[in-house]
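Q: Contents of start11.pdb (PDB, C-alpha atoms, pLDDT in the B column) are given next:
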```
MODEL        1
ATOM      1  CA  MET R   1      80.566 104.935 110.261  1.00 88.00           C
ATOM      2  CA  GLN R   2      77.850 106.164 107.899  1.00 93.00           C
ATOM      3  CA  GLU R   3      80.049 105.339 104.921  1.00 96.00           C
ATOM      4  CA  PHE R   4      80.841 101.942 106.415  1.00 95.00           C
ATOM      5  CA  ASP R   5      77.146 101.176 106.858  1.00 96.00           C
ATOM      6  CA  ARG R   6      76.521 102.355 103.302  1.00 97.00           C
ATOM      7  CA  LEU R   7      79.148  99.928 102.003  1.00 97.00           C
ATOM      8  CA  TRP R   8      77.691  97.095 104.071  1.00 97.00           C
ATOM      9  CA  GLN R   9      74.228  97.775 102.624  1.00 97.00           C
ATOM     10  CA  ILE R  10      75.706  97.787  99.101  1.00 97.00           C
ATOM     11  CA  VAL R  11      77.342  94.398  99.719  1.00 97.00           C
ATOM     12  CA  LYS R  12      74.038  92.997 100.991  1.00 97.00           C
ATOM     13  CA  GLN R  13      72.281  94.324  97.897  1.00 97.00           C
ATOM     14  CA  LEU R  14      74.891  92.798  95.587  1.00 97.00           C
ATOM     15  CA  ARG R  15      74.301  89.428  97.278  1.00 97.00           C
ATOM     16  CA  ASN R  16      70.489  89.740  97.160  1.00 96.00           C
ATOM     17  CA  PRO R  17      69.304  86.594  95.337  1.00 94.00           C
ATOM     18  CA  HIS R  18      66.376  88.441  93.765  1.00 94.00           C
ATOM     19  CA  SER R  19      67.793  91.823  92.743  1.00 94.00           C
ATOM     20  CA  GLY R  20      71.552  91.556  93.173  1.00 95.00           C
ATOM     21  CA  CYS R  21      74.483  91.005  90.830  1.00 96.00           C
ATOM     22  CA  PRO R  22      74.694  87.517  89.226  1.00 95.00           C
ATOM     23  CA  TRP R  23      78.483  87.397  89.626  1.00 95.00           C
ATOM     24  CA  ASP R  24      78.440  88.429  93.291  1.00 96.00           C
ATOM     25  CA  ILE R  25      75.564  86.076  94.093  1.00 96.00           C
ATOM     26  CA  LYS R  26      77.363  82.977  92.824  1.00 96.00           C
ATOM     27  CA  GLN R  27      80.572  83.650  94.781  1.00 96.00           C
ATOM     28  CA  THR R  28      81.645  81.431  97.670  1.00 96.00           C
ATOM     29  CA  PRO R  29      84.327  81.956 100.339  1.00 96.00           C
ATOM     30  CA  LYS R  30      86.650  79.700  98.351  1.00 94.00           C
ATOM     31  CA  SER R  31      85.973  81.225  94.928  1.00 95.00           C
ATOM     32  CA  LEU R  32      86.890  84.660  96.269  1.00 95.00           C
ATOM     33  CA  ILE R  33      90.330  83.578  97.524  1.00 92.00           C
ATOM     34  CA  PRO R  34      92.325  84.425  94.333  1.00 89.00           C
ATOM     35  CA  ASN R  35      90.837  87.922  94.162  1.00 92.00           C
ATOM     36  CA  PHE R  36      91.298  88.362  97.916  1.00 93.00           C
ATOM     37  CA  ILE R  37      95.012  87.563  97.612  1.00 91.00           C
ATOM     38  CA  GLU R  38      95.380  89.822  94.577  1.00 92.00           C
ATOM     39  CA  GLU R  39      93.828  92.758  96.435  1.00 94.00           C
ATOM     40  CA  LEU R  40      96.138  92.196  99.399  1.00 93.00           C
ATOM     41  CA  TYR R  41      99.202  92.342  97.158  1.00 91.00           C
ATOM     42  CA  GLU R  42      97.875  95.489  95.493  1.00 94.00           C
ATOM     43  CA  VAL R  43      97.651  97.067  98.954  1.00 95.00           C
ATOM     44  CA  ILE R  44     101.248  96.043  99.629  1.00 91.00           C
ATOM     45  CA  GLU R  45     102.373  97.470  96.289  1.00 90.00           C
ATOM     46  CA  ALA R  46     100.686 100.801  97.031  1.00 94.00           C
ATOM     47  CA  ILE R  47     102.417 100.941 100.421  1.00 93.00           C
ATOM     48  CA  GLU R  48     105.816 100.139  98.911  1.00 87.00           C
ATOM     49  CA  ASN R  49     105.300 102.769  96.197  1.00 90.00           C
ATOM     50  CA  LYS R  50     104.171 105.311  98.815  1.00 93.00           C
ATOM     51  CA  ASP R  51     101.116 105.983  96.637  1.00 96.00           C
ATOM     52  CA  ASP R  52      98.493 107.313  99.048  1.00 96.00           C
ATOM     53  CA  GLN R  53      95.750 107.624  96.445  1.00 96.00           C
ATOM     54  CA  HIS R  54      96.298 104.086  95.252  1.00 95.00           C
ATOM     55  CA  LEU R  55      96.469 102.841  98.835  1.00 97.00           C
ATOM     56  CA  LYS R  56      93.144 104.485  99.658  1.00 97.00           C
ATOM     57  CA  GLU R  57      91.501 102.722  96.730  1.00 96.00           C
ATOM     58  CA  GLU R  58      93.093  99.342  97.391  1.00 96.00           C
ATOM     59  CA  LEU R  59      92.218  99.403 101.098  1.00 97.00           C
ATOM     60  CA  GLY R  60      88.628  99.870  99.982  1.00 97.00           C
ATOM     61  CA  ASP R  61      88.876  96.879  97.652  1.00 96.00           C
ATOM     62  CA  LEU R  62      90.341  94.771 100.453  1.00 97.00           C
ATOM     63  CA  THR R  63      87.586  95.882 102.827  1.00 97.00           C
ATOM     64  CA  LEU R  64      85.028  94.846 100.224  1.00 97.00           C
ATOM     65  CA  HIS R  65      86.410  91.310 100.253  1.00 97.00           C
ATOM     66  CA  ILE R  66      86.280  91.163 104.031  1.00 97.00           C
ATOM     67  CA  LEU R  67      82.643  92.253 103.980  1.00 98.00           C
ATOM     68  CA  MET R  68      81.825  89.786 101.206  1.00 97.00           C
ATOM     69  CA  GLN R  69      83.216  86.952 103.313  1.00 97.00           C
ATOM     70  CA  ALA R  70      81.270  88.175 106.338  1.00 97.00           C
ATOM     71  CA  ARG R  71      78.037  88.522 104.352  1.00 97.00           C
ATOM     72  CA  ILE R  72      78.287  84.997 102.953  1.00 97.00           C
ATOM     73  CA  ALA R  73      78.898  83.713 106.474  1.00 97.00           C
ATOM     74  CA  GLU R  74      75.766  85.535 107.687  1.00 97.00           C
ATOM     75  CA  GLU R  75      73.714  84.071 104.857  1.00 97.00           C
ATOM     76  CA  ASN R  76      74.944  80.580 105.770  1.00 96.00           C
ATOM     77  CA  GLY R  77      74.145  81.158 109.441  1.00 96.00           C
ATOM     78  CA  ASP R  78      77.789  80.754 110.470  1.00 97.00           C
ATOM     79  CA  PHE R  79      78.362  84.105 112.201  1.00 97.00           C
ATOM     80  CA  LYS R  80      77.432  87.771 111.933  1.00 96.00           C
ATOM     81  CA  LEU R  81      79.553  90.788 111.053  1.00 96.00           C
ATOM     82  CA  CYS R  82      79.166  92.167 114.583  1.00 96.00           C
ATOM     83  CA  GLU R  83      80.757  88.961 115.916  1.00 96.00           C
ATOM     84  CA  VAL R  84      83.810  89.604 113.767  1.00 96.00           C
ATOM     85  CA  PHE R  85      84.240  93.020 115.354  1.00 95.00           C
ATOM     86  CA  LYS R  86      83.531  91.709 118.843  1.00 96.00           C
ATOM     87  CA  THR R  87      86.100  88.933 118.465  1.00 95.00           C
ATOM     88  CA  ILE R  88      88.920  91.213 117.307  1.00 94.00           C
ATOM     89  CA  SER R  89      88.086  93.837 119.960  1.00 95.00           C
ATOM     90  CA  GLU R  90      88.242  91.279 122.766  1.00 92.00           C
ATOM     91  CA  LYS R  91      91.445  89.847 121.332  1.00 90.00           C
ATOM     92  CA  LEU R  92      93.140  93.262 121.222  1.00 91.00           C
ATOM     93  CA  ILE R  93      92.137  94.053 124.797  1.00 91.00           C
ATOM     94  CA  SER R  94      93.259  90.687 126.189  1.00 87.00           C
ATOM     95  CA  ARG R  95      96.609  90.798 124.387  1.00 84.00           C
ATOM     96  CA  HIS R  96      97.432  94.356 125.419  1.00 87.00           C
ATOM     97  CA  PRO R  97      97.236  94.187 129.248  1.00 85.00           C
ATOM     98  CA  HIS R  98      99.752  97.051 129.432  1.00 84.00           C
ATOM     99  CA  VAL R  99      97.179  99.274 127.734  1.00 86.00           C
ATOM    100  CA  PHE R 100      93.750  98.038 128.848  1.00 87.00           C
ATOM    101  CA  ASN R 101      94.007  95.736 131.861  1.00 77.00           C
ATOM    102  CA  ASN R 102      95.906  95.083 135.088  1.00 69.00           C
ATOM    103  CA  GLU R 103      99.278  96.169 133.694  1.00 66.00           C
ATOM    104  CA  ARG R 104      97.982  99.492 132.409  1.00 67.00           C
ATOM    105  CA  GLY R 105     100.565 102.252 132.523  1.00 61.00           C
ATOM    106  CA  LYS R 106     103.463  99.830 132.847  1.00 67.00           C
ATOM    107  CA  THR R 107     106.543 100.812 130.841  1.00 70.00           C
ATOM    108  CA  ILE R 108     107.238  98.153 128.225  1.00 73.00           C
ATOM    109  CA  GLU R 109     109.396  97.905 125.107  1.00 76.00           C
ATOM    110  CA  ALA R 110     107.963  97.097 121.684  1.00 74.00           C
ATOM    111  CA  GLU R 111     109.822  93.780 121.445  1.00 71.00           C
ATOM    112  CA  GLN R 112     108.436  92.693 124.819  1.00 75.00           C
ATOM    113  CA  VAL R 113     104.932  93.549 123.614  1.00 74.00           C
ATOM    114  CA  LYS R 114     105.453  91.203 120.684  1.00 72.00           C
ATOM    115  CA  ASN R 115     106.720  88.397 122.922  1.00 71.00           C
ATOM    116  CA  ASN R 116     103.832  88.871 125.361  1.00 73.00           C
ATOM    117  CA  TRP R 117     101.379  88.698 122.449  1.00 69.00           C
ATOM    118  CA  GLU R 118     102.775  85.289 121.479  1.00 71.00           C
ATOM    119  CA  LYS R 119     102.644  84.010 125.061  1.00 73.00           C
ATOM    120  CA  ILE R 120      99.045  85.109 125.578  1.00 74.00           C
ATOM    121  CA  LYS R 121      98.053  83.775 122.161  1.00 71.00           C
ATOM    122  CA  ASN R 122      99.519  80.327 122.842  1.00 69.00           C
ATOM    123  CA  ARG R 123      97.845  80.203 126.252  1.00 74.00           C
ATOM    124  CA  GLN R 124      94.448  81.222 124.882  1.00 76.00           C
ATOM    125  CA  LYS R 125      94.576  78.740 122.008  1.00 76.00           C
ATOM    126  CA  ASN R 126      96.081  75.960 124.139  1.00 75.00           C
ATOM    127  CA  ARG R 127      98.647  75.101 121.483  1.00 76.00           C
ATOM    128  CA  ASP R 128     101.080  72.215 121.744  1.00 78.00           C
ATOM    129  CA  SER R 129     103.915  74.197 120.171  1.00 86.00           C
ATOM    130  CA  ILE R 130     104.855  77.850 120.026  1.00 84.00           C
ATOM    131  CA  LEU R 131     105.444  77.257 116.306  1.00 88.00           C
ATOM    132  CA  ASP R 132     101.797  76.354 115.704  1.00 87.00           C
ATOM    133  CA  GLY R 133      99.443  78.826 114.087  1.00 85.00           C
ATOM    134  CA  ILE R 134     101.647  79.927 111.188  1.00 88.00           C
ATOM    135  CA  PRO R 135      99.645  79.403 107.969  1.00 87.00           C
ATOM    136  CA  LYS R 136     101.518  76.905 105.813  1.00 87.00           C
ATOM    137  CA  VAL R 137     100.185  78.578 102.664  1.00 85.00           C
ATOM    138  CA  MET R 138     102.210  81.731 103.399  1.00 87.00           C
ATOM    139  CA  PRO R 139     105.105  82.597 101.060  1.00 90.00           C
ATOM    140  CA  ALA R 140     108.155  80.611 102.146  1.00 93.00           C
ATOM    141  CA  LEU R 141     110.244  83.615 103.202  1.00 94.00           C
ATOM    142  CA  ILE R 142     107.493  85.001 105.430  1.00 92.00           C
ATOM    143  CA  TYR R 143     106.790  81.512 106.789  1.00 93.00           C
ATOM    144  CA  ALA R 144     110.458  81.059 107.704  1.00 95.00           C
ATOM    145  CA  GLN R 145     110.749  84.481 109.326  1.00 94.00           C
ATOM    146  CA  ARG R 146     107.593  84.037 111.418  1.00 93.00           C
ATOM    147  CA  MET R 147     108.874  80.663 112.613  1.00 94.00           C
ATOM    148  CA  GLN R 148     112.182  82.224 113.638  1.00 95.00           C
ATOM    149  CA  GLU R 149     110.383  85.049 115.437  1.00 92.00           C
ATOM    150  CA  LYS R 150     108.272  82.591 117.418  1.00 90.00           C
ATOM    151  CA  ALA R 151     111.331  80.551 118.396  1.00 92.00           C
ATOM    152  CA  ALA R 152     113.124  83.755 119.413  1.00 90.00           C
ATOM    153  CA  SER R 153     110.235  84.647 121.756  1.00 85.00           C
ATOM    154  CA  VAL R 154     111.485  81.960 124.168  1.00 85.00           C
ATOM    155  CA  GLY R 155     115.134  82.906 123.784  1.00 88.00           C
ATOM    156  CA  PHE R 156     116.066  80.461 121.020  1.00 92.00           C
ATOM    157  CA  ASP R 157     118.084  83.048 119.129  1.00 94.00           C
ATOM    158  CA  TRP R 158     121.624  84.209 118.468  1.00 92.00           C
ATOM    159  CA  ASP R 159     122.969  86.813 120.890  1.00 91.00           C
ATOM    160  CA  LYS R 160     125.654  88.219 118.599  1.00 94.00           C
ATOM    161  CA  MET R 161     125.448  89.270 114.963  1.00 96.00           C
ATOM    162  CA  SER R 162     128.808  87.589 114.407  1.00 96.00           C
ATOM    163  CA  ASP R 163     127.161  84.249 115.271  1.00 96.00           C
ATOM    164  CA  VAL R 164     124.438  84.876 112.695  1.00 97.00           C
ATOM    165  CA  ILE R 165     127.003  85.650 110.009  1.00 97.00           C
ATOM    166  CA  ALA R 166     129.031  82.590 111.013  1.00 97.00           C
ATOM    167  CA  LYS R 167     125.922  80.457 110.505  1.00 97.00           C
ATOM    168  CA  VAL R 168     125.454  81.869 107.001  1.00 97.00           C
ATOM    169  CA  ASP R 169     129.104  81.101 106.228  1.00 98.00           C
ATOM    170  CA  GLU R 170     128.673  77.577 107.620  1.00 97.00           C
ATOM    171  CA  GLU R 171     125.646  76.862 105.451  1.00 98.00           C
ATOM    172  CA  LEU R 172     127.385  78.289 102.379  1.00 98.00           C
ATOM    173  CA  GLN R 173     130.370  76.024 102.983  1.00 98.00           C
ATOM    174  CA  GLU R 174     128.099  72.993 103.350  1.00 97.00           C
ATOM    175  CA  LEU R 175     126.415  73.910 100.067  1.00 98.00           C
ATOM    176  CA  LYS R 176     129.787  74.128  98.315  1.00 98.00           C
ATOM    177  CA  GLU R 177     130.699  70.690  99.668  1.00 98.00           C
ATOM    178  CA  ALA R 178     127.424  69.246  98.385  1.00 97.00           C
ATOM    179  CA  ILE R 179     128.055  70.791  94.961  1.00 98.00           C
ATOM    180  CA  ASN R 180     131.581  69.362  94.837  1.00 97.00           C
ATOM    181  CA  ALA R 181     130.217  65.948  95.821  1.00 97.00           C
ATOM    182  CA  LYS R 182     127.608  66.240  93.036  1.00 97.00           C
ATOM    183  CA  ASP R 183     124.957  65.226  95.569  1.00 97.00           C
ATOM    184  CA  LYS R 184     121.754  66.674  94.115  1.00 96.00           C
ATOM    185  CA  GLN R 185     119.618  65.935  97.169  1.00 97.00           C
ATOM    186  CA  ALA R 186     122.190  67.493  99.498  1.00 97.00           C
ATOM    187  CA  VAL R 187     122.454  70.550  97.232  1.00 97.00           C
ATOM    188  CA  GLU R 188     118.693  71.029  97.496  1.00 97.00           C
ATOM    189  CA  GLU R 189     118.737  70.653 101.272  1.00 97.00           C
ATOM    190  CA  GLU R 190     121.751  72.897 101.827  1.00 98.00           C
ATOM    191  CA  THR R 191     120.314  75.563  99.516  1.00 98.00           C
ATOM    192  CA  GLY R 192     117.230  75.667 101.725  1.00 97.00           C
ATOM    193  CA  ASP R 193     119.378  75.842 104.865  1.00 98.00           C
ATOM    194  CA  LEU R 194     121.385  78.734 103.396  1.00 98.00           C
ATOM    195  CA  ILE R 195     118.252  80.694 102.497  1.00 98.00           C
ATOM    196  CA  PHE R 196     116.840  80.019 105.982  1.00 98.00           C
ATOM    197  CA  ALA R 197     120.062  81.343 107.537  1.00 97.00           C
ATOM    198  CA  ILE R 198     119.919  84.472 105.372  1.00 97.00           C
ATOM    199  CA  VAL R 199     116.292  85.039 106.405  1.00 97.00           C
ATOM    200  CA  ASN R 200     117.500  84.872 109.992  1.00 97.00           C
ATOM    201  CA  PHE R 201     120.233  87.402 109.226  1.00 97.00           C
ATOM    202  CA  ALA R 202     117.620  89.765 107.758  1.00 96.00           C
ATOM    203  CA  ARG R 203     115.363  89.317 110.799  1.00 95.00           C
ATOM    204  CA  LYS R 204     118.197  90.056 113.235  1.00 95.00           C
ATOM    205  CA  ASN R 205     118.876  93.269 111.346  1.00 94.00           C
ATOM    206  CA  GLY R 206     115.247  94.356 111.600  1.00 91.00           C
ATOM    207  CA  LEU R 207     114.588  93.615 107.933  1.00 93.00           C
ATOM    208  CA  ASP R 208     111.699  91.808 106.294  1.00 92.00           C
ATOM    209  CA  SER R 209     113.222  89.161 104.033  1.00 93.00           C
ATOM    210  CA  GLU R 210     110.242  89.118 101.663  1.00 90.00           C
ATOM    211  CA  SER R 211     110.463  92.880 101.106  1.00 89.00           C
ATOM    212  CA  VAL R 212     114.255  92.830 100.792  1.00 93.00           C
ATOM    213  CA  LEU R 213     114.140  90.117  98.125  1.00 94.00           C
ATOM    214  CA  LYS R 214     111.346  91.949  96.317  1.00 90.00           C
ATOM    215  CA  GLN R 215     113.487  95.104  96.222  1.00 91.00           C
ATOM    216  CA  ALA R 216     116.407  93.118  94.820  1.00 95.00           C
ATOM    217  CA  ALA R 217     114.177  91.565  92.165  1.00 95.00           C
ATOM    218  CA  ASP R 218     112.768  94.974  91.227  1.00 93.00           C
ATOM    219  CA  LYS R 219     116.312  96.327  90.929  1.00 95.00           C
ATOM    220  CA  PHE R 220     117.261  93.425  88.675  1.00 96.00           C
ATOM    221  CA  TYR R 221     114.174  94.103  86.551  1.00 96.00           C
ATOM    222  CA  THR R 222     115.074  97.771  86.117  1.00 96.00           C
ATOM    223  CA  ARG R 223     118.683  97.048  85.173  1.00 97.00           C
ATOM    224  CA  PHE R 224     117.808  94.260  82.760  1.00 97.00           C
ATOM    225  CA  ARG R 225     115.198  96.462  81.086  1.00 97.00           C
ATOM    226  CA  TRP R 226     117.931  99.057  80.648  1.00 96.00           C
ATOM    227  CA  ILE R 227     120.008  96.446  78.810  1.00 97.00           C
ATOM    228  CA  GLU R 228     117.048  95.533  76.603  1.00 96.00           C
ATOM    229  CA  ASP R 229     116.489  99.203  75.769  1.00 96.00           C
ATOM    230  CA  HIS R 230     120.154  99.447  74.768  1.00 95.00           C
ATOM    231  CA  PHE R 231     119.727  96.673  72.221  1.00 96.00           C
ATOM    232  CA  ARG R 232     116.559  98.229  70.844  1.00 96.00           C
ATOM    233  CA  GLU R 233     118.239 101.611  70.441  1.00 95.00           C
ATOM    234  CA  LYS R 234     121.152  99.986  68.608  1.00 94.00           C
ATOM    235  CA  ASN R 235     118.762  97.851  66.560  1.00 95.00           C
ATOM    236  CA  LEU R 236     120.561  94.713  67.759  1.00 94.00           C
ATOM    237  CA  ASN R 237     119.181  91.261  68.606  1.00 96.00           C
ATOM    238  CA  ILE R 238     119.681  90.479  72.301  1.00 96.00           C
ATOM    239  CA  TYR R 239     119.310  86.752  71.572  1.00 95.00           C
ATOM    240  CA  GLU R 240     122.408  86.854  69.389  1.00 95.00           C
ATOM    241  CA  THR R 241     124.750  88.618  71.793  1.00 95.00           C
ATOM    242  CA  THR R 242     127.533  87.351  74.056  1.00 96.00           C
ATOM    243  CA  LEU R 243     127.694  86.937  77.801  1.00 96.00           C
ATOM    244  CA  GLU R 244     130.690  89.268  77.870  1.00 95.00           C
ATOM    245  CA  LEU R 245     128.660  92.106  76.333  1.00 96.00           C
ATOM    246  CA  LEU R 246     125.723  91.450  78.633  1.00 96.00           C
ATOM    247  CA  ASP R 247     128.041  91.595  81.643  1.00 96.00           C
ATOM    248  CA  GLU R 248     129.574  94.815  80.372  1.00 95.00           C
ATOM    249  CA  LEU R 249     126.145  96.405  79.914  1.00 96.00           C
ATOM    250  CA  TRP R 250     125.059  95.132  83.315  1.00 96.00           C
ATOM    251  CA  GLU R 251     127.957  96.937  84.980  1.00 96.00           C
ATOM    252  CA  GLU R 252     127.053 100.040  82.992  1.00 94.00           C
ATOM    253  CA  SER R 253     123.426  99.836  84.135  1.00 95.00           C
ATOM    254  CA  LYS R 254     124.528  99.784  87.769  1.00 94.00           C
ATOM    255  CA  LYS R 255     125.819 103.349  87.382  1.00 92.00           C
ATOM    256  CA  SER R 256     122.271 104.553  86.781  1.00 87.00           C
ATOM    257  CA  PHE R 257     120.239 102.131  88.922  1.00 85.00           C
TER     258      PHE R 257
ENDMDL
END
```
Starting from the coordinates I provided, produce the structure as structure tokens.
A:
Amino acid sequence: MQEFDRLWQIVKQLRNPHSGCPWDIKQTPKSLIPNFIEELYEVIEAIENKDDQHLKEELGDLTLHILMQARIAEENGDFKLCEVFKTISEKLISRHPHVFNNERGKTIEAEQVKNNWEKIKNRQKNRDSILDGIPKVMPALIYAQRMQEKAASVGFDWDKMSDVIAKVDEELQELKEAINAKDKQAVEEETGDLIFAIVNFARKNGLDSESVLKQAADKFYTRFRWIEDHFREKNLNIYETTLELLDELWEESKKSF
């Protein structure tokens, strides 16, 4: 807590209009958003790379942004840092009755905890729909998966994996029909439906669709870089090659990556 207080005092000094940093002083909650998002993704990258040293540093950078937002809010008279902590503490206690309140000691599965969280959250916020509250600015894959999870909390979900796969097959067939009909609008719509169905398949298998796609993209990057290195080593121009050779090298790259 001493180190936390030290950081908080540093943030306050950086924002001091008389003796602080000109860059930090001119920042607003909105101007900090791009850097905030960048730091969050750097945290995610460190986690995915299992780089503890990098993660330690990036968690610090992310914490700095949280404190900057809180400090600006204090300066504007909106709320204080202690209110941030009080709010999240009360939220955690109220949404974990099996740990802190009347249901303490009750045996409960992790999935039920998640469903109870959604029920309590909707009741506390008096929402019209269980689908409300998902930030629309989220990446599309995460947005889709969160929506499916919320719908599943009330039982709107497939019981069997075979049904999930059948839905993927159905959407793929509808996409093929739209392609054959040369209906551009239908192709766009059915492509979205197919991706949504695949996100659901990933969710039902306990996978995070955003992470899975990122892994696939990273794998593609590694294999394609291998192909580029091949052309450099042979002193050949990749822009003047054939698709057949690229395919052949791609299959070769798969043996290593």
Q: Using all atoms listed in the file, can you tell me which of R:Ile33, R:Ile179, R:Leu213, R:Ala197 comes closest to Asp157 (chain R)?
A: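 Of R:Ile33, R:Ile179, R:Leu213, R:Ala197, the one nearest Asp157 (chain R) is R:Ala197, counting all atoms listed in the file.
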Q: Could you check which of R:Ile238, R:Leu194, R:Ala181, R:Leu141 is closest to Ala166 (chain R), using all atoms listed in the file?
A: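 Comparing R:Ile238, R:Leu194, R:Ala181, R:Leu141 against Ala166 (chain R), the winner is R:Leu194.
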Q: Return the single residue from R:Ala140, R:Ala202, R:Ile108, R:Val113 that is closest to Ser153 (chain R), with distances computed using all atoms listed in the file.
A: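 Selected residue with least distance to Ser153 (chain R): R:Val113.
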Q: Written as a ChimeraX atom specification, which residues does the PyMOL selection byres ((chain R and resi 65) around 12) give for the file shown?
A: /R:7-8,11,24,27-40,58-64,66-72
Q: One decimal, in Å: what's the spacing between CA of Leu245 (chain R) and CA of Gln215 (chain R)?
A: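 These two atoms are separated by 25.2 Å.
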Q: Find the distance between CA of Ile10 (chain R) and CA of Leu92 (chain R) and write it in Å to one decimal.
A: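 So the two atoms, CA of Ile10 (chain R) and CA of Leu92 (chain R), lie 28.5 Å apart.
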Q: With only C-alpha atoms as the basis for distance, which of R:Leu175, R:Ile165, R:Gly77, R:Ile44 is at the shortest distance from Val187 (chain R)?
A: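 Of all the options, R:Leu175 lies closest to Val187 (chain R).
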Q: Hey, can you check how far CA of Ile47 (chain R) sits from CA of Asp208 (chain R)?
A: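 If I compute the distance from CA of Ile47 (chain R) to CA of Asp208 (chain R), I get 14.3 Å.
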Q: Please return, as a PyMOL selection string, all polymer residues that have at least one atom within 12 Å of the point (77.6, 87.5, 113.5); use only C-alpha atoms and the file's own coordinate frame.
A: chain R and resi 67+69-87
Q: Given 8 Å of margin on each side, can you work out the centre and size in Å (one decimal) of an axis-aligned box holding every listed atom of region 170-179 of chain R, as lines of an AutoDock Vina configuration file?
A:
```
center_x = 128.2
center_y = 73.8
center_z = 101.3
size_x = 21.1
size_y = 25.0
size_z = 28.7
```
Q: In terms of the shortest atom-to-atom distance over all atoms listed in the file, which of R:Ala217, R:Ile88, R:Ile130, R:Leu172 is closest to Ile195 (chain R)?
A: R:Leu172
Q: Near Thr222 (chain R), counting all atoms listed in the file, which residues have an atom at most 10 Å away, once you skip same-chain residues fewer than 5 positions from it, shown as a list in words?
A: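 Non-adjacent residues within range: Ala216, Ala217, Ile227, Glu228, Ser253, Lys254, Ser256 and Phe257 of chain R.
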Q: Which one is closest to Glu45 (chain R): R:Asp218, R:Glu251, R:Glu118, R:Asp159? Count only C-alpha atoms.
A: R:Asp218
Q: What's the 12 Å shell around Gln145 (chain R), counting all atoms listed in the file, without same-chain residues fewer than 4 positions away, as an NGL selection string?
A: :R and (131 or 134 or 138-141 or 149-152 or 195-204 or 206-211)
